[in-house]
Every structure is written in C-alpha cells, then in structure tokens.
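Visitor: Just entry04.cif, nothing more (mmCIF, C-alpha atoms and all ligand atoms):
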data_my_file
#
loop_
_atom_site.group_PDB
_atom_site.id
_atom_site.type_symbol
_atom_site.label_atom_id
_atom_site.label_comp_id
_atom_site.auth_asym_id
_atom_site.auth_seq_id
_atom_site.Cartn_x
_atom_site.Cartn_y
_atom_site.Cartn_z
ATOM 1 C CA VAL A 1 -14.984 0.140 -10.582
ATOM 2 C CA THR A 2 -17.993 -1.796 -9.297
ATOM 3 C CA ILE A 3 -21.177 -0.133 -8.086
ATOM 4 C CA ALA A 4 -20.170 -0.934 -4.514
ATOM 5 C CA ASP A 5 -16.988 1.166 -4.860
ATOM 6 C CA ARG A 6 -18.951 4.298 -5.669
ATOM 7 C CA ASP A 7 -20.854 6.327 -3.161
ATOM 8 C CA TRP A 8 -23.775 8.177 -4.636
ATOM 9 C CA SER A 9 -25.913 7.817 -1.567
ATOM 10 C CA GLY A 10 -24.130 9.898 1.084
ATOM 11 C CA CYS A 11 -25.240 7.275 3.622
ATOM 12 C CA SER A 12 -23.225 5.880 6.465
ATOM 13 C CA ILE A 13 -23.492 2.223 7.403
ATOM 14 C CA ARG A 14 -23.566 1.125 11.051
ATOM 15 C CA PRO A 15 -24.919 -1.737 13.173
ATOM 16 C CA CYS A 16 -28.647 -1.570 13.949
ATOM 17 C CA VAL A 17 -29.477 -0.191 17.411
ATOM 18 C CA ASP A 18 -32.670 -0.194 19.530
ATOM 19 C CA SER A 19 -33.742 3.276 18.416
ATOM 20 C CA ASP A 20 -33.836 2.089 14.760
ATOM 21 C CA VAL A 21 -36.493 -0.581 15.243
ATOM 22 C CA GLU A 22 -39.486 1.544 14.274
ATOM 23 C CA ARG A 23 -37.985 2.432 10.872
ATOM 24 C CA VAL A 24 -36.555 -1.060 10.392
ATOM 25 C CA ALA A 25 -40.017 -2.550 11.030
ATOM 26 C CA HIS A 26 -41.592 -0.089 8.582
ATOM 27 C CA LEU A 27 -39.072 -1.143 5.925
ATOM 28 C CA ALA A 28 -39.686 -4.849 6.683
ATOM 29 C CA GLY A 29 -43.256 -4.058 5.597
ATOM 30 C CA GLN A 30 -41.916 -2.736 2.262
ATOM 31 C CA LEU A 31 -40.066 -6.039 1.863
ATOM 32 C CA GLY A 32 -43.415 -7.787 2.260
ATOM 33 C CA TYR A 33 -43.090 -8.905 5.881
ATOM 34 C CA ARG A 34 -45.323 -6.769 8.108
ATOM 35 C CA SER A 35 -43.771 -6.687 11.566
ATOM 36 C CA THR A 36 -44.188 -4.609 14.698
ATOM 37 C CA PRO A 37 -41.248 -2.637 16.124
ATOM 38 C CA GLU A 38 -41.389 -4.928 19.176
ATOM 39 C CA GLU A 39 -41.071 -8.058 17.031
ATOM 40 C CA VAL A 40 -38.224 -6.524 15.040
ATOM 41 C CA GLY A 41 -36.460 -5.360 18.217
ATOM 42 C CA GLN A 42 -36.545 -8.852 19.689
ATOM 43 C CA ARG A 43 -35.318 -10.470 16.474
ATOM 44 C CA VAL A 44 -32.480 -8.003 16.016
ATOM 45 C CA ARG A 45 -31.331 -8.354 19.633
ATOM 46 C CA GLU A 46 -31.284 -12.149 19.270
ATOM 47 C CA MET A 47 -29.346 -11.879 15.997
ATOM 48 C CA GLN A 48 -26.794 -9.582 17.598
ATOM 49 C CA ARG A 49 -26.128 -11.878 20.580
ATOM 50 C CA GLY A 50 -23.679 -14.137 18.756
ATOM 51 C CA ARG A 51 -20.844 -13.601 16.269
ATOM 52 C CA ASP A 52 -22.650 -15.472 13.515
ATOM 53 C CA GLN A 53 -25.241 -12.857 12.577
ATOM 54 C CA ALA A 54 -25.293 -9.113 12.003
ATOM 55 C CA VAL A 55 -27.758 -6.372 11.119
ATOM 56 C CA PHE A 56 -26.629 -3.091 9.547
ATOM 57 C CA VAL A 57 -28.583 0.020 8.682
ATOM 58 C CA ALA A 58 -27.859 2.793 6.177
ATOM 59 C CA GLU A 59 -28.324 6.226 7.708
ATOM 60 C CA THR A 60 -28.776 9.287 5.522
ATOM 61 C CA ALA A 61 -26.888 12.528 6.192
ATOM 62 C CA ASP A 62 -30.030 13.880 7.898
ATOM 63 C CA GLY A 63 -30.245 10.891 10.236
ATOM 64 C CA GLN A 64 -32.954 8.773 8.592
ATOM 65 C CA VAL A 65 -32.663 5.006 8.263
ATOM 66 C CA ALA A 66 -32.865 4.451 4.486
ATOM 67 C CA GLY A 67 -32.379 0.683 4.466
ATOM 68 C CA TRP A 68 -31.159 -2.352 6.333
ATOM 69 C CA ILE A 69 -29.445 -5.668 5.702
ATOM 70 C CA GLY A 70 -29.344 -8.846 7.792
ATOM 71 C CA THR A 71 -26.625 -11.418 7.281
ATOM 72 C CA HIS A 72 -25.580 -14.658 8.926
ATOM 73 C CA ILE A 73 -23.213 -17.590 8.640
ATOM 74 C CA PHE A 74 -24.909 -20.658 7.194
ATOM 75 C CA ARG A 75 -23.506 -23.981 8.419
ATOM 76 C CA SER A 76 -24.179 -27.391 6.945
ATOM 77 C CA VAL A 77 -22.638 -30.838 6.966
ATOM 78 C CA GLU A 78 -21.880 -30.916 3.279
ATOM 79 C CA LEU A 79 -20.394 -27.473 2.659
ATOM 80 C CA ASP A 80 -17.865 -25.190 4.262
ATOM 81 C CA ALA A 81 -19.606 -22.439 6.174
ATOM 82 C CA PHE A 82 -20.586 -19.469 4.024
ATOM 83 C CA ALA A 83 -22.283 -16.156 4.661
ATOM 84 C CA GLU A 84 -25.798 -15.416 3.497
ATOM 85 C CA ILE A 85 -27.901 -12.265 3.236
ATOM 86 C CA SER A 86 -31.033 -13.022 5.264
ATOM 87 C CA GLY A 87 -32.869 -9.819 4.350
ATOM 88 C CA LEU A 88 -32.257 -6.559 2.485
ATOM 89 C CA VAL A 89 -34.471 -3.589 1.775
ATOM 90 C CA VAL A 90 -34.009 0.046 0.804
ATOM 91 C CA ASP A 91 -36.806 2.555 1.354
ATOM 92 C CA GLU A 92 -38.833 3.101 -1.828
ATOM 93 C CA THR A 93 -37.980 6.808 -1.724
ATOM 94 C CA HIS A 94 -34.217 6.143 -1.438
ATOM 95 C CA ARG A 95 -33.714 3.555 -4.178
ATOM 96 C CA SER A 96 -31.299 3.844 -7.138
ATOM 97 C CA ARG A 97 -28.812 5.989 -5.220
ATOM 98 C CA GLY A 98 -26.382 3.238 -4.281
ATOM 99 C CA VAL A 99 -27.756 2.586 -0.774
ATOM 100 C CA GLY A 100 -28.374 -1.108 -1.537
ATOM 101 C CA ALA A 101 -24.855 -1.477 -2.910
ATOM 102 C CA ARG A 102 -23.401 0.102 0.256
ATOM 103 C CA LEU A 103 -25.402 -2.288 2.458
ATOM 104 C CA VAL A 104 -24.265 -5.316 0.468
ATOM 105 C CA GLY A 105 -20.696 -4.005 0.681
ATOM 106 C CA ALA A 106 -21.030 -3.843 4.471
ATOM 107 C CA ALA A 107 -22.334 -7.428 4.592
ATOM 108 C CA GLU A 108 -19.373 -8.532 2.448
ATOM 109 C CA GLN A 109 -16.940 -6.775 4.767
ATOM 110 C CA TRP A 110 -18.583 -8.376 7.812
ATOM 111 C CA ALA A 111 -18.546 -11.810 6.149
ATOM 112 C CA ARG A 112 -14.822 -11.500 5.348
ATOM 113 C CA SER A 113 -14.116 -10.390 8.915
ATOM 114 C CA VAL A 114 -15.650 -13.612 10.303
ATOM 115 C CA GLY A 115 -13.739 -15.766 7.806
ATOM 116 C CA ALA A 116 -16.448 -16.498 5.216
ATOM 117 C CA ARG A 117 -15.183 -17.202 1.686
ATOM 118 C CA ALA A 118 -18.457 -16.383 -0.097
ATOM 119 C CA LEU A 119 -21.652 -14.412 0.398
ATOM 120 C CA CYS A 120 -24.902 -15.837 -0.989
ATOM 121 C CA VAL A 121 -28.482 -14.668 -1.131
ATOM 122 C CA ARG A 122 -31.720 -16.527 -1.839
ATOM 123 C CA CYS A 123 -34.028 -14.203 -3.701
ATOM 124 C CA ASN A 124 -37.669 -14.752 -4.624
ATOM 125 C CA ILE A 125 -38.126 -15.454 -8.332
ATOM 126 C CA VAL A 126 -40.539 -12.490 -8.639
ATOM 127 C CA ARG A 127 -37.978 -9.878 -7.443
ATOM 128 C CA GLU A 128 -36.585 -9.091 -10.878
ATOM 129 C CA ARG A 129 -35.139 -5.744 -9.914
ATOM 130 C CA ALA A 130 -33.251 -7.381 -7.055
ATOM 131 C CA HIS A 131 -31.895 -10.051 -9.434
ATOM 132 C CA ARG A 132 -30.441 -7.328 -11.695
ATOM 133 C CA PHE A 133 -29.110 -5.546 -8.628
ATOM 134 C CA TYR A 134 -27.201 -8.603 -7.396
ATOM 135 C CA VAL A 135 -25.721 -9.353 -10.822
ATOM 136 C CA ALA A 136 -24.619 -5.702 -11.130
ATOM 137 C CA ASN A 137 -22.891 -6.110 -7.768
ATOM 138 C CA GLY A 138 -20.888 -9.148 -8.874
ATOM 139 C CA TYR A 139 -23.223 -11.995 -7.841
ATOM 140 C CA GLU A 140 -23.823 -14.955 -10.127
ATOM 141 C CA GLN A 141 -27.013 -17.006 -10.174
ATOM 142 C CA ILE A 142 -25.984 -20.559 -9.291
ATOM 143 C CA LYS A 143 -29.328 -22.376 -9.071
ATOM 144 C CA ILE A 144 -33.105 -22.166 -8.707
ATOM 145 C CA GLN A 145 -34.694 -23.753 -5.643
ATOM 146 C CA LYS A 146 -38.156 -24.612 -4.345
ATOM 147 C CA ILE A 147 -38.723 -23.790 -0.673
ATOM 148 C CA PHE A 148 -40.938 -26.193 1.308
ATOM 149 C CA ARG A 149 -42.525 -25.358 4.632
ATOM 150 C CA LYS A 150 -44.540 -27.205 7.279
ATOM 151 C CA PRO A 151 -46.040 -25.356 10.237
ATOM 152 C CA LEU A 152 -45.215 -27.132 13.493
ATOM 153 C CA ARG A 153 -47.775 -27.380 16.239
ATOM 154 C CA PRO A 154 -46.225 -26.993 19.656
ATOM 155 C CA THR A 155 -45.880 -30.357 21.394
ATOM 156 C CA ALA A 156 -48.011 -31.029 24.469
ATOM 157 C CA PRO A 157 -46.068 -30.464 27.683
ATOM 158 C CA LEU A 158 -44.489 -33.696 29.021
HETATM 159 C C1 LIG B 201 -32.955 -4.499 -4.378
HETATM 160 C C2 LIG B 201 -32.783 -3.191 -3.570
HETATM 161 C C3 LIG B 201 -32.327 -3.529 -2.163
HETATM 162 C C4 LIG B 201 -31.718 -2.335 -4.268
HETATM 163 O O1 LIG B 201 -31.512 -1.169 -3.489
HETATM 164 P P1 LIG B 201 -31.036 0.221 -4.151
HETATM 165 O O2 LIG B 201 -30.588 1.102 -3.060
HETATM 166 O O3 LIG B 201 -32.076 0.724 -5.086
HETATM 167 O O4 LIG B 201 -29.781 -0.309 -4.964
HETATM 168 P P2 LIG B 201 -28.697 0.568 -5.747
HETATM 169 O O5 LIG B 201 -29.105 1.990 -5.796
HETATM 170 O O6 LIG B 201 -27.375 0.209 -5.193
HETATM 171 O O7 LIG B 201 -28.786 -0.079 -7.181
HETATM 172 C C5 LIG B 201 -30.044 -0.130 -7.862
HETATM 173 C C6 LIG B 201 -29.930 0.398 -9.260
HETATM 174 O O8 LIG B 201 -29.766 1.786 -9.238
HETATM 175 C C7 LIG B 201 -28.656 2.160 -10.052
HETATM 176 N N1 LIG B 201 -28.099 3.348 -9.416
HETATM 177 C C8 LIG B 201 -27.664 3.461 -8.165
HETATM 178 N N2 LIG B 201 -27.319 4.738 -7.932
HETATM 179 C C9 LIG B 201 -27.556 5.439 -9.065
HETATM 180 C C10 LIG B 201 -27.420 6.792 -9.451
HETATM 181 N N3 LIG B 201 -26.966 7.738 -8.639
HETATM 182 N N4 LIG B 201 -27.794 7.143 -10.686
HETATM 183 C C11 LIG B 201 -28.266 6.243 -11.544
HETATM 184 N N5 LIG B 201 -28.418 4.936 -11.229
HETATM 185 C C12 LIG B 201 -28.056 4.547 -10.009
HETATM 186 C C13 LIG B 201 -27.767 0.984 -10.049
HETATM 187 O O9 LIG B 201 -26.979 0.902 -11.222
HETATM 188 C C14 LIG B 201 -28.771 -0.138 -10.019
HETATM 189 O O10 LIG B 201 -29.246 -0.412 -11.315
HETATM 190 P P3 LIG B 201 -29.813 -1.873 -11.674
HETATM 191 O O11 LIG B 201 -30.935 -2.198 -10.686
HETATM 192 O O12 LIG B 201 -30.309 -1.737 -13.063
HETATM 193 O O13 LIG B 201 -28.643 -2.801 -11.522
HETATM 194 C C15 LIG B 201 -34.101 -2.355 -3.545
HETATM 195 O O14 LIG B 201 -34.576 -2.235 -4.862
HETATM 196 C C16 LIG B 201 -35.192 -2.964 -2.680
HETATM 197 O O15 LIG B 201 -35.248 -2.730 -1.478
HETATM 198 N N6 LIG B 201 -36.096 -3.748 -3.301
HETATM 199 C C17 LIG B 201 -37.248 -4.362 -2.600
HETATM 200 C C18 LIG B 201 -36.829 -5.443 -1.645
HETATM 201 C C19 LIG B 201 -35.975 -6.505 -2.272
HETATM 202 O O16 LIG B 201 -36.218 -6.979 -3.372
HETATM 203 N N7 LIG B 201 -34.948 -6.924 -1.534
HETATM 204 C C20 LIG B 201 -34.051 -7.993 -1.930
HETATM 205 C C21 LIG B 201 -34.484 -9.236 -1.241
HETATM 206 S S1 LIG B 201 -33.427 -10.613 -1.661
#
Can you dump the structure from the file as structure tokens?
Ligand SMILES: CC(C)(COP(=O)(O)OP(=O)(O)OC[C@H]1O[C@@H](n2cnc3c(N)ncnc32)[C@H](O)[C@@H]1OP(=O)(O)O)[C@@H](O)C(=O)NCCC(=O)NCCS
Guide:
Amino acid sequence: VTIADRDWSGCSIRPCVDSDVERVAHLAGQLGYRSTPEEVGQRVREMQRGRDQAVFVAETADGQVAGWIGTHIFRSVELDAFAEISGLVVDETHRSRGVGARLVGAAEQWARSVGARALCVRCNIVRERAHRFYVANGYEQIKIQKIFRKPLRPTAPL
C-alpha cells in the first residue's frame, strides 16, 4: 500500500472554482509566491481553458480548501509529452494528514486520463521535506538542474 492509497485526511479532491481563489492565493503565499486573489483567478481560468492543464483543490469535510495542485502537459521536441506538477501546497495547519498525497494522486489520475506516461516535478533544492514526500509517493530523483532566467522588456510598438 502506498501513501496515496490511504486516506487519513478526509478531504475530497475537485477542480478549482472561482470561489476558491482567495484561499488558493493565501496558500500560494505559503509556497513562497505572494499573489492576489485576482491574479490567481486569472491564472487559474487561463489554465482551465485548454485540456493541457488542470488545477485541483483538496476540500476538508467542513468545506475549507486545505491545499491545491497545478499540473500541465510539458511538450518538447526531444521527448514524448509528459505531465508535470507546476505547483503544490498544503496549508501549514493541514500537513502530515495525507492531503498532499491525495492531491498528487489526483494529478496522476488526470495525467493518465490525458494519455501521459509519466508525471514529473521540479522541486527547489531547499525543499527537503517535499523531496522526502515525493520519494515516499513513488517518485525518483532523476537529475539536478540550474534554472536560468532573463527578464524581457516589452518591445516598442511597431
Ligand atoms: C510537500 C507538501 C505538499 C506535503 O503535503 P502533506 O499534506 O503534508 O503531505 P502528506 O501528509 O501526504 O505526507 C507528508 C508526510 O506526512 C506523513 N503522514 C501523512 N499522514 C499521516 C498521518 N496521519 N500520520 C502520520 N504521518 C502521516 C507522510 O508519511 C509523510 O511523511 P514524509 O514527509 O516523511 O514522507 C507540504 O509539506 C507543503 O505544502 N510544503 C510546502 C510547499 C512545498 O514544498 N511544495 C512542493 C513544491 S514542489
């Protein structure tokens, strides 16, 4: 039995809806990405427009959003398409009850339903608890990467 097969949390998992954005934005802050509910609402609506991305929330028995997960299909020239977790967080007060495992299970189910053969996640080197969590849920570390970034100034109108 893997952690994902057990249900300690009593949560139900469902797609994110407009009325969740306040809590989802609050939890994005716990992940380290401060965002307003408006920003989160716009992002989630854009993600939910196509078939290639999904956002699920875990709702407790008393109706509180305890965590969320974003997932998408990653396409590249050199690899078959695979699914990736784009973000995952469980409320600090709801951790270690299996909520994270349920959310990852939902992302896996979604990924299978759109034909993906693997689910990956890129996880900051400092998130040691999350590393243990993924390994406990059947994920294997396959490499270490450096992420490079360049801010782009908008081009002048033509
Ligand atoms: C990583 C994260 C999502 C895990 O969520 P979670 O709901 O605490 O996860 P789970 O409860 O399924 O599992 C966490 C641990 O609790 C244990 N656990 C779960 N339910 C338990 C229970 N009822 N009794 C005892 N232990 C339990 C699991 O064995 C697991 O142990 P491990 O971390 O040593 O492997 C959460 O810690 C988090 O939001 N962290 C901050 C953000 C982050 O790092 N996100 C990942 C970005 S890539």
Visitor: Running the PyMOL selection byres (((chain A and resi 10-17) around 10) and not hetatm) on this model by hand, what would come out? Give it as a PyMOL selection string.
Guide: chain A and resi 7-9+18-21+24+41+44-45+48+54-70+97-99+102-103+105-106
Visitor: Kindly save the residues from that selection, with C-alpha atoms included, as a short mmCIF file (atom, residue, chain, number, x, y, z; two decimals), in the frame of the given file.
Guide:
data_model
loop_
_atom_site.label_atom_id
_atom_site.label_comp_id
_atom_site.auth_asym_id
_atom_site.auth_seq_id
_atom_site.Cartn_x
_atom_site.Cartn_y
_atom_site.Cartn_z
CA ASP A 7 -20.85 6.33 -3.16
CA TRP A 8 -23.78 8.18 -4.64
CA SER A 9 -25.91 7.82 -1.57
CA ASP A 18 -32.67 -0.19 19.53
CA SER A 19 -33.74 3.28 18.42
CA ASP A 20 -33.84 2.09 14.76
CA VAL A 21 -36.49 -0.58 15.24
CA VAL A 24 -36.56 -1.06 10.39
CA GLY A 41 -36.46 -5.36 18.22
CA VAL A 44 -32.48 -8.00 16.02
CA ARG A 45 -31.33 -8.35 19.63
CA GLN A 48 -26.79 -9.58 17.60
CA ALA A 54 -25.29 -9.11 12.00
CA VAL A 55 -27.76 -6.37 11.12
CA PHE A 56 -26.63 -3.09 9.55
CA VAL A 57 -28.58 0.02 8.68
CA ALA A 58 -27.86 2.79 6.18
CA GLU A 59 -28.32 6.23 7.71
CA THR A 60 -28.78 9.29 5.52
CA ALA A 61 -26.89 12.53 6.19
CA ASP A 62 -30.03 13.88 7.90
CA GLY A 63 -30.24 10.89 10.24
CA GLN A 64 -32.95 8.77 8.59
CA VAL A 65 -32.66 5.01 8.26
CA ALA A 66 -32.86 4.45 4.49
CA GLY A 67 -32.38 0.68 4.47
CA TRP A 68 -31.16 -2.35 6.33
CA ILE A 69 -29.44 -5.67 5.70
CA GLY A 70 -29.34 -8.85 7.79
CA ARG A 97 -28.81 5.99 -5.22
CA GLY A 98 -26.38 3.24 -4.28
CA VAL A 99 -27.76 2.59 -0.77
CA ARG A 102 -23.40 0.10 0.26
CA LEU A 103 -25.40 -2.29 2.46
CA GLY A 105 -20.70 -4.00 0.68
CA ALA A 106 -21.03 -3.84 4.47
#
Visitor: Enumerate residues in contact with ligand LIG 201 (chain B): an atom-to-atom distance of at most 10 Å, counting only C-alpha atoms and all ligand atoms. Format the result as an mmCIF file with C-alpha atoms, in the frame of the given file.
Guide:
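Generated output (pocket.cif):
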data_model
loop_
_atom_site.group_PDB
_atom_site.id
_atom_site.type_symbol
_atom_site.label_atom_id
_atom_site.label_comp_id
_atom_site.auth_asym_id
_atom_site.auth_seq_id
_atom_site.Cartn_x
_atom_site.Cartn_y
_atom_site.Cartn_z
ATOM 1 C CA THR A 2 -17.993 -1.796 -9.297
ATOM 2 C CA ILE A 3 -21.177 -0.133 -8.086
ATOM 3 C CA ALA A 4 -20.170 -0.934 -4.514
ATOM 4 C CA ARG A 6 -18.951 4.298 -5.669
ATOM 5 C CA ASP A 7 -20.854 6.327 -3.161
ATOM 6 C CA TRP A 8 -23.775 8.177 -4.636
ATOM 7 C CA SER A 9 -25.913 7.817 -1.567
ATOM 8 C CA LEU A 27 -39.072 -1.143 5.925
ATOM 9 C CA ALA A 28 -39.686 -4.849 6.683
ATOM 10 C CA GLY A 29 -43.256 -4.058 5.597
ATOM 11 C CA GLN A 30 -41.916 -2.736 2.262
ATOM 12 C CA LEU A 31 -40.066 -6.039 1.863
ATOM 13 C CA GLY A 32 -43.415 -7.787 2.260
ATOM 14 C CA ALA A 58 -27.859 2.793 6.177
ATOM 15 C CA ALA A 66 -32.865 4.451 4.486
ATOM 16 C CA GLY A 67 -32.379 0.683 4.466
ATOM 17 C CA TRP A 68 -31.159 -2.352 6.333
ATOM 18 C CA ILE A 69 -29.445 -5.668 5.702
ATOM 19 C CA ILE A 85 -27.901 -12.265 3.236
ATOM 20 C CA SER A 86 -31.033 -13.022 5.264
ATOM 21 C CA GLY A 87 -32.869 -9.819 4.350
ATOM 22 C CA LEU A 88 -32.257 -6.559 2.485
ATOM 23 C CA VAL A 89 -34.471 -3.589 1.775
ATOM 24 C CA VAL A 90 -34.009 0.046 0.804
ATOM 25 C CA ASP A 91 -36.806 2.555 1.354
ATOM 26 C CA GLU A 92 -38.833 3.101 -1.828
ATOM 27 C CA THR A 93 -37.980 6.808 -1.724
ATOM 28 C CA HIS A 94 -34.217 6.143 -1.438
ATOM 29 C CA ARG A 95 -33.714 3.555 -4.178
ATOM 30 C CA SER A 96 -31.299 3.844 -7.138
ATOM 31 C CA ARG A 97 -28.812 5.989 -5.220
ATOM 32 C CA GLY A 98 -26.382 3.238 -4.281
ATOM 33 C CA VAL A 99 -27.756 2.586 -0.774
ATOM 34 C CA GLY A 100 -28.374 -1.108 -1.537
ATOM 35 C CA ALA A 101 -24.855 -1.477 -2.910
ATOM 36 C CA ARG A 102 -23.401 0.102 0.256
ATOM 37 C CA LEU A 103 -25.402 -2.288 2.458
ATOM 38 C CA VAL A 104 -24.265 -5.316 0.468
ATOM 39 C CA GLY A 105 -20.696 -4.005 0.681
ATOM 40 C CA VAL A 121 -28.482 -14.668 -1.131
ATOM 41 C CA ARG A 122 -31.720 -16.527 -1.839
ATOM 42 C CA CYS A 123 -34.028 -14.203 -3.701
ATOM 43 C CA ASN A 124 -37.669 -14.752 -4.624
ATOM 44 C CA ILE A 125 -38.126 -15.454 -8.332
ATOM 45 C CA VAL A 126 -40.539 -12.490 -8.639
ATOM 46 C CA ARG A 127 -37.978 -9.878 -7.443
ATOM 47 C CA GLU A 128 -36.585 -9.091 -10.878
ATOM 48 C CA ARG A 129 -35.139 -5.744 -9.914
ATOM 49 C CA ALA A 130 -33.251 -7.381 -7.055
ATOM 50 C CA HIS A 131 -31.895 -10.051 -9.434
ATOM 51 C CA ARG A 132 -30.441 -7.328 -11.695
ATOM 52 C CA PHE A 133 -29.110 -5.546 -8.628
ATOM 53 C CA TYR A 134 -27.201 -8.603 -7.396
ATOM 54 C CA VAL A 135 -25.721 -9.353 -10.822
ATOM 55 C CA ALA A 136 -24.619 -5.702 -11.130
ATOM 56 C CA ASN A 137 -22.891 -6.110 -7.768
#
Visitor: If you measure from CA of His26 in chain A to CA of Glu84 in chain A, what distance in Å do you get, rounded to one decimal?
Guide: 22.6 Å
Visitor: Show me, as JSON, the centre and edge lengths in Å to one decimal of the axis-aligned box that covers every listed atom of range 150-154 of chain A with 5 Å on each side.
Guide:
{"center_x": -46.2, "center_y": -26.4, "center_z": 13.5, "size_x": 13.2, "size_y": 12.0, "size_z": 22.4}
Visitor: Select, from A:Cys120, A:Glu22, A:Phe74, A:Arg149, the residue with the minimum atom-to-atom distance to Glu38 in chain A, counting all atoms listed in the file.
Guide: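 Nearest candidate to Glu38 in chain A out of A:Cys120, A:Glu22, A:Phe74, A:Arg149: A:Glu22.
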Visitor: Do you have the CA of Ala81 in chain A-CA of Arg112 in chain A distance handy?
Guide: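 One can read the CA of Ala81 in chain A to CA of Arg112 in chain A distance as 12.0 Å.
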Visitor: Rounded to one decimal place, report the CA of Ala118 in chain A-CA of Thr71 in chain A distance in Å.
Guide: 12.1 Å
Visitor: Quick one: of A:Leu119, A:Val114, A:Met47, A:Ala107, who's nearest to Phe82 in chain A, counting all atoms listed in the file?
Guide: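 Smallest distance to Phe82 in chain A is found for A:Leu119.
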